[in-house]
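One file, input_22.csv, is given below (CSV, C-alpha atoms).
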```
chain,number,residue,atom,x,y,z
X,665,MET,CA,94.6,141.0,120.3
X,666,GLN,CA,93.0,137.7,121.3
X,667,THR,CA,89.9,137.9,123.4
X,668,TYR,CA,88.7,135.1,125.7
X,669,SER,CA,85.3,134.4,127.1
X,670,VAL,CA,84.7,134.3,130.8
X,671,ARG,CA,84.0,130.6,130.5
X,672,ASP,CA,87.2,129.9,128.6
X,673,ILE,CA,89.3,131.6,131.4
X,674,THR,CA,87.3,129.9,134.2
X,675,GLU,CA,87.6,126.5,132.5
X,676,TYR,CA,91.4,127.0,132.1
X,677,ILE,CA,91.8,127.9,135.8
X,678,LYS,CA,89.7,124.8,136.7
X,679,GLY,CA,92.1,122.7,134.6
X,680,LEU,CA,95.0,124.0,136.6
X,681,PHE,CA,93.4,123.0,139.8
X,682,ASP,CA,92.4,119.6,138.5
X,683,ALA,CA,96.0,118.9,137.3
X,684,ASP,CA,97.5,119.8,140.7
X,685,ARG,CA,97.9,116.5,142.6
X,686,ASN,CA,98.5,118.3,145.9
X,687,LEU,CA,95.0,119.8,145.6
X,688,GLY,CA,93.5,116.4,144.8
X,689,SER,CA,93.6,115.2,148.3
X,690,VAL,CA,94.0,117.7,151.2
X,691,TRP,CA,93.1,118.0,154.8
X,692,VAL,CA,92.1,121.4,156.0
X,693,GLN,CA,91.4,122.4,159.7
X,694,GLY,CA,89.2,125.4,160.5
X,695,GLU,CA,86.1,126.7,162.2
X,696,VAL,CA,82.7,126.0,160.7
X,697,SER,CA,80.8,129.1,159.5
X,698,ARG,CA,77.6,129.6,157.5
X,699,LEU,CA,76.5,126.0,157.4
X,700,THR,CA,73.5,125.2,155.2
X,701,ARG,CA,72.0,121.7,154.9
X,702,ALA,CA,69.9,121.7,151.6
X,703,ARG,CA,66.8,119.6,151.2
X,704,SER,CA,68.7,117.6,148.5
X,705,GLY,CA,71.0,116.4,151.3
X,706,HIS,CA,74.0,118.4,150.2
X,707,TRP,CA,75.9,120.6,152.8
X,708,TYR,CA,77.2,124.1,152.0
X,709,PHE,CA,79.5,125.7,154.6
X,710,THR,CA,82.6,127.7,155.1
X,711,ILE,CA,85.7,126.9,157.3
X,712,LYS,CA,87.9,129.8,158.4
X,713,ASP,CA,90.7,130.8,160.6
X,714,ALA,CA,92.0,134.1,161.8
X,715,HIS,CA,93.4,135.0,158.3
X,716,ALA,CA,91.2,133.4,155.6
X,717,GLN,CA,88.1,131.4,154.8
X,718,LEU,CA,87.4,128.6,152.4
X,719,SER,CA,84.0,127.7,150.8
X,720,CYS,CA,83.1,124.0,151.1
X,721,VAL,CA,80.5,121.7,149.6
X,722,MET,CA,79.8,118.1,150.7
X,723,PHE,CA,77.4,116.1,148.6
X,724,ARG,CA,74.7,113.9,150.1
X,725,SER,CA,76.5,110.6,149.8
X,726,ALA,CA,79.5,111.9,151.8
X,727,ALA,CA,77.4,113.9,154.2
X,728,SER,CA,75.5,110.8,155.2
X,729,ARG,CA,78.7,109.2,156.5
X,730,VAL,CA,79.7,112.1,158.8
X,731,SER,CA,79.5,110.7,162.4
X,732,ILE,CA,80.2,113.9,164.4
X,733,ASP,CA,78.1,117.0,165.1
X,734,VAL,CA,78.9,119.7,162.6
X,735,SER,CA,77.6,123.1,163.6
X,736,PRO,CA,78.7,126.8,163.2
X,737,GLY,CA,81.6,127.5,165.5
X,738,ALA,CA,82.8,123.9,165.7
X,739,GLU,CA,86.5,123.2,165.0
X,740,ILE,CA,86.8,120.4,162.4
X,741,VAL,CA,89.2,118.8,160.0
X,742,VAL,CA,87.9,118.4,156.5
X,743,HIS,CA,89.3,116.1,153.7
X,744,GLY,CA,88.6,116.6,150.1
X,745,LYS,CA,89.6,118.1,146.7
X,746,ILE,CA,90.1,121.7,145.8
X,747,GLY,CA,88.2,122.5,142.6
X,748,VAL,CA,86.6,125.4,140.7
X,749,TYR,CA,82.8,125.9,140.5
X,750,VAL,CA,82.7,127.3,137.0
X,751,ALA,CA,79.2,128.7,137.2
X,752,ARG,CA,80.3,131.2,139.9
X,753,GLY,CA,83.9,131.4,139.1
X,754,GLU,CA,84.8,130.4,142.7
X,755,TYR,CA,87.2,127.8,144.0
X,756,GLN,CA,85.9,125.5,146.8
X,757,LEU,CA,86.7,122.4,148.8
X,758,VAL,CA,84.7,119.4,147.7
X,759,ALA,CA,84.6,117.6,151.0
X,760,ASP,CA,84.3,113.8,151.4
X,761,MET,CA,85.2,113.4,155.0
X,762,ILE,CA,84.8,115.5,158.2
X,763,GLU,CA,86.4,114.6,161.6
X,764,ALA,CA,86.7,116.3,164.9
X,765,VAL,CA,90.0,117.9,165.8
X,766,GLY,CA,92.0,115.6,168.1
X,767,GLY,CA,90.6,112.4,166.6
X,768,ILE,CA,91.4,112.0,162.9
X,769,GLY,CA,93.6,115.1,163.1
X,770,ASP,CA,96.5,113.0,164.6
X,771,LEU,CA,96.2,110.5,161.7
X,772,HIS,CA,96.0,113.4,159.3
X,773,ARG,CA,99.2,114.9,160.7
X,774,GLN,CA,101.0,111.6,160.4
X,775,TYR,CA,99.7,111.2,156.9
X,776,GLU,CA,101.0,114.6,155.8
X,777,GLU,CA,104.3,114.1,157.5
X,778,LEU,CA,104.9,110.8,155.8
X,779,LYS,CA,103.7,112.2,152.5
X,780,ARG,CA,106.1,115.1,152.8
X,781,LYS,CA,109.0,112.7,153.8
X,782,LEU,CA,108.5,110.3,150.9
X,783,ALA,CA,108.0,113.1,148.4
X,784,GLU,CA,111.3,114.7,149.5
X,785,ALA,CA,112.9,111.2,149.1
X,786,GLY,CA,111.7,111.2,145.4
X,787,LEU,CA,109.3,108.3,145.8
X,788,PHE,CA,106.5,110.3,144.1
X,789,ASP,CA,108.5,111.5,141.1
X,790,GLN,CA,106.9,110.8,137.8
X,791,ALA,CA,110.2,110.0,136.2
X,792,ARG,CA,110.6,106.8,138.2
X,793,LYS,CA,107.1,105.5,137.4
X,794,ARG,CA,107.0,102.8,134.8
X,795,ALA,CA,104.5,102.2,131.9
X,796,ILE,CA,101.9,99.5,132.4
X,797,PRO,CA,102.3,96.6,129.8
X,798,THR,CA,99.6,96.7,127.2
X,799,PHE,CA,99.0,93.0,126.9
X,800,PRO,CA,99.9,91.3,130.3
X,801,ALA,CA,100.0,87.5,130.3
X,802,ARG,CA,100.0,87.3,134.1
X,803,ILE,CA,98.5,89.7,136.6
X,804,GLY,CA,99.3,89.5,140.3
X,805,VAL,CA,96.7,90.7,142.8
X,806,VAL,CA,97.5,91.7,146.4
X,807,THR,CA,94.2,91.8,148.4
X,808,SER,CA,92.0,89.8,150.8
X,809,PRO,CA,90.5,86.7,149.2
X,810,ASN,CA,87.3,87.4,151.2
X,811,ALA,CA,87.0,91.0,150.1
X,812,ALA,CA,84.5,92.3,147.5
X,813,ALA,CA,87.5,93.9,145.8
X,814,TRP,CA,88.8,90.4,144.8
X,815,HIS,CA,85.4,89.4,143.3
X,816,ASP,CA,85.2,92.7,141.4
X,817,ILE,CA,88.7,92.3,140.0
X,818,GLN,CA,88.0,88.7,138.8
X,819,THR,CA,84.7,89.8,137.2
X,820,VAL,CA,86.4,92.7,135.3
X,821,LEU,CA,89.4,90.5,134.2
X,822,SER,CA,87.2,87.6,133.0
X,823,ARG,CA,85.1,90.1,130.9
X,824,ARG,CA,88.0,92.1,129.4
X,825,MET,CA,90.7,89.6,129.0
X,826,PRO,CA,89.6,86.0,129.9
X,827,LEU,CA,92.9,84.4,128.8
X,828,VAL,CA,95.0,86.3,131.3
X,829,GLU,CA,96.5,84.3,134.2
X,830,VAL,CA,95.6,85.8,137.6
X,831,ILE,CA,97.9,85.2,140.6
X,832,LEU,CA,96.4,86.0,144.0
X,833,SER,CA,98.8,86.8,146.9
X,834,PRO,CA,96.4,87.0,149.8
X,835,THR,CA,96.8,89.4,152.7
X,836,LEU,CA,94.9,91.3,155.3
X,837,VAL,CA,93.9,94.8,154.1
X,838,GLN,CA,92.9,96.3,157.5
X,839,GLY,CA,94.2,96.3,161.0
X,840,THR,CA,97.5,96.4,162.8
X,841,GLU,CA,98.8,93.2,161.2
X,842,ALA,CA,97.9,94.2,157.7
X,843,PRO,CA,101.1,96.2,156.8
X,844,ALA,CA,103.4,93.3,157.4
X,845,GLN,CA,101.2,90.9,155.5
X,846,ILE,CA,100.9,93.4,152.6
X,847,VAL,CA,104.7,93.6,152.4
X,848,ALA,CA,105.0,89.8,152.5
X,849,ALA,CA,102.3,89.4,149.8
X,850,LEU,CA,104.1,91.9,147.5
X,851,LYS,CA,107.4,90.3,147.9
X,852,ARG,CA,105.9,86.9,147.0
X,853,LEU,CA,104.8,88.4,143.7
X,854,TYR,CA,108.2,90.0,143.2
X,855,ARG,CA,109.6,86.5,142.9
X,856,SER,CA,107.0,85.5,140.3
X,857,ASP,CA,106.8,86.2,136.6
X,858,ALA,CA,103.8,88.5,136.9
X,859,ASP,CA,103.7,91.4,134.3
X,860,VAL,CA,101.8,93.8,136.5
X,861,ILE,CA,100.5,93.9,140.2
X,862,LEU,CA,97.2,95.2,141.4
X,863,LEU,CA,97.3,96.4,145.1
X,864,ALA,CA,93.6,96.7,145.9
X,865,ARG,CA,91.0,97.2,148.6
X,866,GLY,CA,87.5,98.5,148.8
X,867,GLY,CA,86.4,101.8,150.4
X,868,GLY,CA,86.4,102.6,154.1
X,869,SER,CA,87.3,105.3,156.6
X,870,LEU,CA,90.7,106.7,157.1
X,871,GLU,CA,91.4,104.2,159.9
X,872,ASP,CA,90.2,101.3,157.7
X,873,LEU,CA,92.7,102.4,154.9
X,874,TRP,CA,95.5,103.3,157.3
X,875,CYS,CA,97.6,100.2,156.5
X,876,PHE,CA,98.1,101.7,153.0
X,877,ASN,CA,99.6,104.8,154.6
X,878,ASP,CA,102.4,102.7,156.2
X,879,GLU,CA,105.9,103.7,155.4
X,880,LEU,CA,107.2,100.2,155.0
X,881,VAL,CA,104.4,99.3,152.7
X,882,ALA,CA,105.1,102.5,150.6
X,883,ARG,CA,108.8,101.8,150.4
X,884,THR,CA,108.1,98.1,149.4
X,885,VAL,CA,105.8,99.4,146.6
X,886,ALA,CA,108.5,101.8,145.5
X,887,ALA,CA,111.1,99.0,145.3
X,888,SER,CA,108.9,96.8,143.2
X,889,PRO,CA,110.6,95.3,140.1
X,890,ILE,CA,107.2,94.9,138.6
X,891,PRO,CA,104.8,97.8,137.7
X,892,ILE,CA,102.1,98.3,140.3
X,893,ILE,CA,98.6,99.8,140.0
X,894,SER,CA,97.0,100.9,143.2
X,895,GLY,CA,93.2,100.5,143.5
X,896,VAL,CA,92.5,101.4,147.1
X,897,GLY,CA,89.2,102.7,148.3
X,898,HIS,CA,86.8,104.9,146.3
X,899,GLU,CA,87.6,107.7,143.9
X,900,ILE,CA,87.7,110.2,146.7
X,901,ASP,CA,90.2,108.2,148.8
X,902,PHE,CA,93.9,108.9,148.5
X,903,THR,CA,96.5,106.9,150.4
X,904,ILE,CA,100.3,107.0,150.4
X,905,VAL,CA,100.6,104.0,148.1
X,906,ASP,CA,98.6,105.9,145.5
X,907,PHE,CA,101.4,108.4,145.2
X,908,VAL,CA,104.2,105.7,145.2
X,909,ALA,CA,102.5,103.3,142.8
X,910,ASP,CA,103.2,103.5,139.0
X,911,LEU,CA,99.6,104.2,138.4
X,912,ARG,CA,96.6,105.0,140.6
X,913,ALA,CA,93.1,103.7,139.9
X,914,PRO,CA,90.1,105.2,141.7
X,915,THR,CA,88.6,101.7,142.6
X,916,PRO,CA,89.7,98.0,142.5
X,917,SER,CA,87.5,97.5,139.4
X,918,ALA,CA,89.1,100.5,137.7
X,919,ALA,CA,92.6,99.0,138.5
X,920,ALA,CA,91.6,95.8,136.7
X,921,GLU,CA,90.4,97.8,133.7
X,922,LEU,CA,93.6,99.9,133.6
X,923,ALA,CA,95.7,96.7,133.7
X,924,THR,CA,94.1,95.1,130.7
X,925,PRO,CA,92.9,95.9,127.2
X,926,ASN,CA,89.2,95.5,126.4
X,927,ARG,CA,88.5,92.3,124.5
X,928,ASP,CA,85.7,93.9,122.5
X,929,ASP,CA,88.0,96.8,121.6
X,930,LEU,CA,90.7,94.4,120.5
X,931,LEU,CA,88.2,92.4,118.4
X,932,GLN,CA,87.1,95.7,116.7
X,933,ASP,CA,90.7,96.6,116.1
X,934,ILE,CA,91.3,93.1,114.6
X,935,ASP,CA,88.3,93.6,112.3
X,936,ARG,CA,89.5,97.0,111.2
X,937,LEU,CA,93.0,95.6,110.6
X,938,ARG,CA,91.5,92.6,108.7
X,939,MET,CA,89.5,94.9,106.5
X,940,ARG,CA,92.5,97.2,105.9
X,941,LEU,CA,94.7,94.2,105.2
X,942,ALA,CA,92.1,92.8,102.7
X,943,GLN,CA,91.9,96.2,101.0
X,944,GLN,CA,95.7,96.5,100.8
X,945,PHE,CA,95.9,93.0,99.5
X,946,ASP,CA,93.4,93.7,96.8
X,947,GLU,CA,95.2,96.9,95.8
X,948,SER,CA,98.5,95.1,95.8
X,949,LEU,CA,97.1,92.2,93.8
X,950,GLY,CA,95.6,94.6,91.3
X,951,LEU,CA,98.9,96.4,90.9
X,952,ARG,CA,100.9,93.2,90.6
X,953,SER,CA,98.3,91.9,88.0
X,954,ARG,CA,98.7,95.1,85.9
X,955,GLU,CA,102.5,94.8,86.2
X,956,LEU,CA,102.3,91.1,85.1
X,957,THR,CA,100.2,92.0,82.1
X,958,ASN,CA,102.7,94.7,81.1
X,959,MET,CA,105.6,92.3,81.5
X,960,GLN,CA,103.8,89.6,79.5
X,961,ARG,CA,103.2,92.2,76.8
X,962,GLN,CA,106.9,93.1,76.8
X,963,LEU,CA,107.9,89.4,77.0
X,964,ARG,CA,106.1,88.6,73.7
X,965,TRP,CA,108.7,90.7,72.0
X,966,LEU,CA,111.6,89.3,74.0
X,967,THR,CA,110.7,85.6,74.0
X,968,PRO,CA,113.0,83.3,71.8
X,969,SER,CA,110.0,82.0,69.8
X,970,LYS,CA,109.2,85.5,68.7
X,971,ARG,CA,112.8,86.1,67.8
X,972,ILE,CA,112.9,82.9,65.9
X,973,GLU,CA,109.7,83.7,64.2
X,974,ALA,CA,111.0,87.1,63.2
X,975,ASP,CA,114.4,85.7,62.0
X,976,SER,CA,112.5,83.0,60.1
X,977,ARG,CA,110.6,85.6,58.2
X,978,VAL,CA,113.8,87.4,57.4
X,979,LEU,CA,115.4,84.1,56.3
X,980,LEU,CA,112.4,83.3,54.1
X,981,GLU,CA,112.6,86.7,52.5
X,982,LEU,CA,116.3,86.3,51.9
X,983,ARG,CA,115.8,82.9,50.4
X,984,GLN,CA,113.1,84.2,48.1
X,985,ARG,CA,115.3,87.1,47.1
X,986,GLN,CA,118.1,84.5,46.4
X,987,TYR,CA,115.7,82.3,44.3
X,988,ARG,CA,114.6,85.4,42.3
X,989,ALA,CA,118.2,86.4,41.8
X,990,VAL,CA,119.3,82.9,40.7
X,991,ALA,CA,116.3,82.6,38.4
X,992,THR,CA,117.0,86.0,36.9
X,993,PHE,CA,120.7,85.1,36.4
X,994,LEU,CA,119.7,81.7,34.8
X,995,THR,CA,117.2,83.4,32.5
X,996,HIS,CA,119.9,85.9,31.5
X,997,LEU,CA,122.3,83.0,30.8
X,998,HIS,CA,119.6,81.1,28.9
X,999,GLU,CA,118.9,84.1,26.8
X,1000,ARG,CA,122.6,84.6,26.1
X,1001,LEU,CA,123.0,80.9,25.2
X,1002,ALA,CA,120.0,81.1,22.9
X,1003,SER,CA,121.5,84.1,21.2
X,1004,ARG,CA,124.8,82.4,20.8
X,1005,GLU,CA,123.0,79.3,19.5
X,1006,ARG,CA,121.2,81.4,16.9
X,1007,ALA,CA,124.4,83.0,16.0
X,1008,LEU,CA,126.2,79.6,15.6
X,1009,ASN,CA,123.3,78.2,13.6
X,1010,ALA,CA,123.4,81.2,11.4
X,1011,ALA,CA,127.2,80.6,10.8
X,1012,ASN,CA,127.0,76.8,10.6
X,1013,PRO,CA,128.4,75.6,7.1
X,1014,ALA,CA,125.9,72.8,7.0
X,1015,HIS,CA,123.1,75.3,6.9
X,1016,ILE,CA,124.9,77.3,4.1
X,1017,LEU,CA,125.4,74.1,2.1
X,1018,GLY,CA,121.8,73.3,2.6
X,1019,ARG,CA,120.9,76.4,0.6
X,1020,GLY,CA,122.7,75.0,-2.5
X,1021,TYR,CA,126.3,75.9,-1.7
X,1022,ALA,CA,129.3,73.5,-1.8
X,1023,LEU,CA,132.6,73.4,0.0
X,1024,VAL,CA,135.8,72.4,-2.0
X,1025,ILE,CA,138.6,70.9,0.1
X,1026,ASP,CA,142.0,69.7,-1.1
X,1027,GLU,CA,143.8,66.5,0.0
X,1028,ARG,CA,145.3,68.4,3.0
X,1029,GLY,CA,141.8,69.5,4.2
X,1030,ASP,CA,142.3,73.1,3.2
X,1031,ILE,CA,139.4,75.0,1.8
X,1032,ILE,CA,139.8,76.2,-1.8
X,1033,ARG,CA,138.7,79.7,-2.1
X,1034,ARG,CA,140.6,80.7,-5.3
X,1035,ALA,CA,141.4,78.9,-8.6
X,1036,ALA,CA,145.0,79.6,-8.0
X,1037,GLN,CA,145.2,77.2,-5.1
X,1038,VAL,CA,144.7,74.2,-7.5
X,1039,SER,CA,146.5,72.7,-10.5
X,1040,ALA,CA,145.4,70.3,-13.3
X,1041,GLY,CA,145.1,66.7,-12.3
X,1042,GLN,CA,144.7,67.6,-8.6
X,1043,ARG,CA,142.1,65.6,-6.8
X,1044,LEU,CA,139.6,67.6,-4.7
X,1045,ASP,CA,136.6,66.8,-2.4
X,1046,ILE,CA,133.4,68.7,-2.9
X,1047,ARG,CA,131.2,68.6,0.1
X,1048,LEU,CA,127.5,69.1,-0.4
X,1049,ALA,CA,124.8,69.4,2.3
X,1050,GLU,CA,124.3,65.6,2.7
X,1051,ASP,CA,127.3,63.9,1.0
X,1052,LYS,CA,130.5,64.6,-1.0
X,1053,ILE,CA,131.9,64.2,-4.4
X,1054,LYS,CA,135.5,63.4,-5.4
X,1055,VAL,CA,136.7,65.2,-8.6
X,1056,LYS,CA,139.8,65.6,-10.6
X,1057,VAL,CA,140.8,69.0,-12.0
X,1058,ASP,CA,141.1,69.1,-15.8
X,1059,GLU,CA,142.2,72.6,-16.1
```
Show me the file's structure as structure tokens.
Amino acid sequence: MQTYSVRDITEYIKGLFDADRNLGSVWVQGEVSRLTRARSGHWYFTIKDAHAQLSCVMFRSAASRVSIDVSPGAEIVVHGKIGVYVARGEYQLVADMIEAVGGIGDLHRQYEELKRKLAEAGLFDQARKRAIPTFPARIGVVTSPNAAAWHDIQTVLSRRMPLVEVILSPTLVQGTEAPAQIVAALKRLYRSDADVILLARGGGSLEDLWCFNDELVARTVAASPIPIISGVGHEIDFTIVDFVADLRAPTPSAAAELATPNRDDLLQDIDRLRMRLAQQFDESLGLRSRELTNMQRQLRWLTPSKRIEADSRVLLELRQRQYRAVATFLTHLHERLASRERALNAANPAHILGRGYALVIDERGDIIRRAAQVSAGQRLDIRLAEDKIKVKVDE
């Protein structure tokens, strides 16, 4: 069994509240009860009706802008965000605006009615929202050229991405004529080659921001062929265009930041990529160098010169073996010839005659070996070692 701490559960519940867009900007009407104005300037109070009550906190910055008398028993309309106070495990309304019933209440009802109408029409669906390009080359801006928002946007863009082209489509951002001008300014940019559009205005009251709650403005934003970032008011301000736009930024400066990458971050990324590339290059070069060494080592045995050298050694060995074989054969022949010569010399008649023997030959050249071969009166030749004698047989 898994066990959670109280903090874990409370933080989880807080995350659910924070993720609910409907609780991020609500108007609640009720009667003030148990109001405490702390020395820090913060207000702590409860609003209730006949069936329930809701704890509220309003921090000093927002409380200082309240223009009506807020006291226990007063009927008021409070705007803010529903959140969870983790330390006590309580949910509460973090208020940023208080108006009297009958004043802002009418605008609030119009706001909620239009919000519900456009939500039912699907204009708030996340599925229709487009991604903001990572590296825009041209950024369109719809705002007043005299507003602080325009200056803030330029400052942020020049710092984060100075090479980006900024196209201002000027318009009023407050008053009864503002909605028509905002629509015209948007449509001008729709015909441009902008990559993203910033729809921006600084903070103000609900009445000041009311032109961004106009239905025609909202539908024009929804019909944009170019992704739109809304940066209207302060972080606590929510307008209809915030729900329709592809991305909502809490301030105009934040809208400029969301539209561009940070140049310093890009430079760091480039440095990291350069280092990684150099490392991979060195590793690849080392690997290729080792492969080349191995191939050269193998090539020494495959190159024609090595083959010729090896064949030359074989040929030389064969030639030497042939020379030795021929020499051996000739020596053998010479020995046989010498043996034959010795045998011939031993059988040579001249050598025999030289030892004192003589050779008797008749007139026909036949050698006389027996006395019976001759007769008296026959002439014979007697051959000696160096000359011959002619004789006649007496008997």
* Asked: What does the distance between atom CA of Gln845 of chain X and atom CA of Ala919 of chain X come to in Å, to one decimal place?
  ->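 Rounded to one decimal, the two atoms are 20.7 Å apart.
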Any chance you could tabulate, as JSON lines, the residues of segment 729-838 of chain X at most 9 Å from segment 679-689 of chain X with each one's nearest atom pair and distance in Å to one decimal, using all atoms listed in the file, in chain and rising number order?
```
{"residue": "X:His743", "atom": "CA", "partner": "X:Ser689", "partner_atom": "CA", "distance": 7.0}
{"residue": "X:Gly744", "atom": "CA", "partner": "X:Ser689", "partner_atom": "CA", "distance": 5.5}
{"residue": "X:Lys745", "atom": "CA", "partner": "X:Gly688", "partner_atom": "CA", "distance": 4.7}
{"residue": "X:Ile746", "atom": "CA", "partner": "X:Leu687", "partner_atom": "CA", "distance": 5.3}
{"residue": "X:Gly747", "atom": "CA", "partner": "X:Phe681", "partner_atom": "CA", "distance": 5.9}
{"residue": "X:Val748", "atom": "CA", "partner": "X:Phe681", "partner_atom": "CA", "distance": 7.3}
{"residue": "X:Tyr755", "atom": "CA", "partner": "X:Phe681", "partner_atom": "CA", "distance": 8.9}
```
* To do: Provide the atom CA of Lys712 of chain X to atom CA of Glu754 of chain X distance in Å, to one decimal place.
  =>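 Interatomic distance, atom CA of Lys712 of chain X to atom CA of Glu754 of chain X: 16.0 Å.
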* Contact residues around Ala1035 of chain X with all atoms listed in the file at 12 Å, ignoring same-chain residues under 4 positions, as a PyMOL selection string -> chain X and resi 1024+1026+1031+1039-1040+1042+1057+1059
Could you please take those selected residues and save C-alpha atoms as a PDB file, keeping the file's coordinate frame?
```pdb
ATOM      1  CA  VAL X1024     135.800  72.400  -2.000  1.00  0.00           C
ATOM      2  CA  ASP X1026     142.000  69.700  -1.100  1.00  0.00           C
ATOM      3  CA  ILE X1031     139.400  75.000   1.800  1.00  0.00           C
ATOM      4  CA  SER X1039     146.500  72.700 -10.500  1.00  0.00           C
ATOM      5  CA  ALA X1040     145.400  70.300 -13.300  1.00  0.00           C
ATOM      6  CA  GLN X1042     144.700  67.600  -8.600  1.00  0.00           C
ATOM      7  CA  VAL X1057     140.800  69.000 -12.000  1.00  0.00           C
ATOM      8  CA  GLU X1059     142.200  72.600 -16.100  1.00  0.00           C
TER       9      GLU X1059
END
```
* Which distance in Å separates atom CA of Arg773 of chain X and atom CA of Ile904 of chain X, to one decimal? -> 13.0 Å
* **Spatial sel., origin (81.3, 131.4, 131.9), limit 9 Å, all atoms listed in the file, listed as a PyMOL selection string** => chain X and resi 669-675+750-753
* Nearest to Asp816 of chain X: which of X:Arg1004, X:Lys1052, X:Arg865, X:Arg954 is it, counting all atoms listed in the file? ->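 Using all atoms listed in the file, the shortest distance to Asp816 of chain X belongs to X:Arg865.
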Please write a file for segment 796-839 of chain X, taken from the block I just shared, that holds C-alpha atoms and is laid out as a compact mmCIF listing (two decimals), in the first residue's frame.
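selection_28.txt, written as the output of this step:
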```
# COMPACT_ATOMS: atom_id res chain seq x y z
CA ILE X 796 4.57 29.07 -32.55
CA PRO X 797 7.53 28.94 -35.00
CA THR X 798 10.86 28.49 -33.24
CA PHE X 799 12.87 30.86 -35.44
CA PRO X 800 10.57 33.53 -36.89
CA ALA X 801 12.11 35.82 -39.49
CA ARG X 802 9.29 38.41 -39.34
CA ILE X 803 7.09 39.26 -36.38
CA GLY X 804 3.94 41.32 -36.75
CA VAL X 805 2.80 43.47 -33.83
CA VAL X 806 -0.72 44.83 -33.33
CA THR X 807 -0.67 47.57 -30.70
CA SER X 808 -0.59 51.33 -30.28
CA PRO X 809 2.68 52.94 -31.47
CA ASN X 810 2.42 55.34 -28.50
CA ALA X 811 1.93 52.65 -25.86
CA ALA X 812 4.56 51.40 -23.44
CA ALA X 813 3.81 47.90 -24.68
CA TRP X 814 5.31 48.73 -28.10
CA HIS X 815 8.50 50.00 -26.46
CA ASP X 816 8.73 46.93 -24.23
CA ILE X 817 8.27 44.58 -27.19
CA GLN X 818 10.99 46.31 -29.20
CA THR X 819 13.38 46.17 -26.25
CA VAL X 820 12.84 42.44 -25.72
CA LEU X 821 13.11 41.58 -29.43
CA SER X 822 16.31 43.60 -29.92
CA ARG X 823 17.87 41.83 -26.95
CA ARG X 824 16.76 38.28 -27.73
CA MET X 825 16.79 38.23 -31.53
CA PRO X 826 18.10 41.46 -33.06
CA LEU X 827 18.02 40.15 -36.65
CA VAL X 828 14.26 39.57 -36.65
CA GLU X 829 12.16 41.93 -38.80
CA VAL X 830 9.38 43.62 -36.82
CA ILE X 831 6.25 44.85 -38.63
CA LEU X 832 4.01 47.20 -36.66
CA SER X 833 0.34 47.35 -37.62
CA PRO X 834 -0.82 50.33 -35.51
CA THR X 835 -4.21 50.54 -33.82
CA LEU X 836 -6.05 52.01 -30.89
CA VAL X 837 -6.12 49.61 -27.94
CA GLN X 838 -8.79 51.37 -25.86
CA GLY X 839 -12.14 52.99 -26.48
```
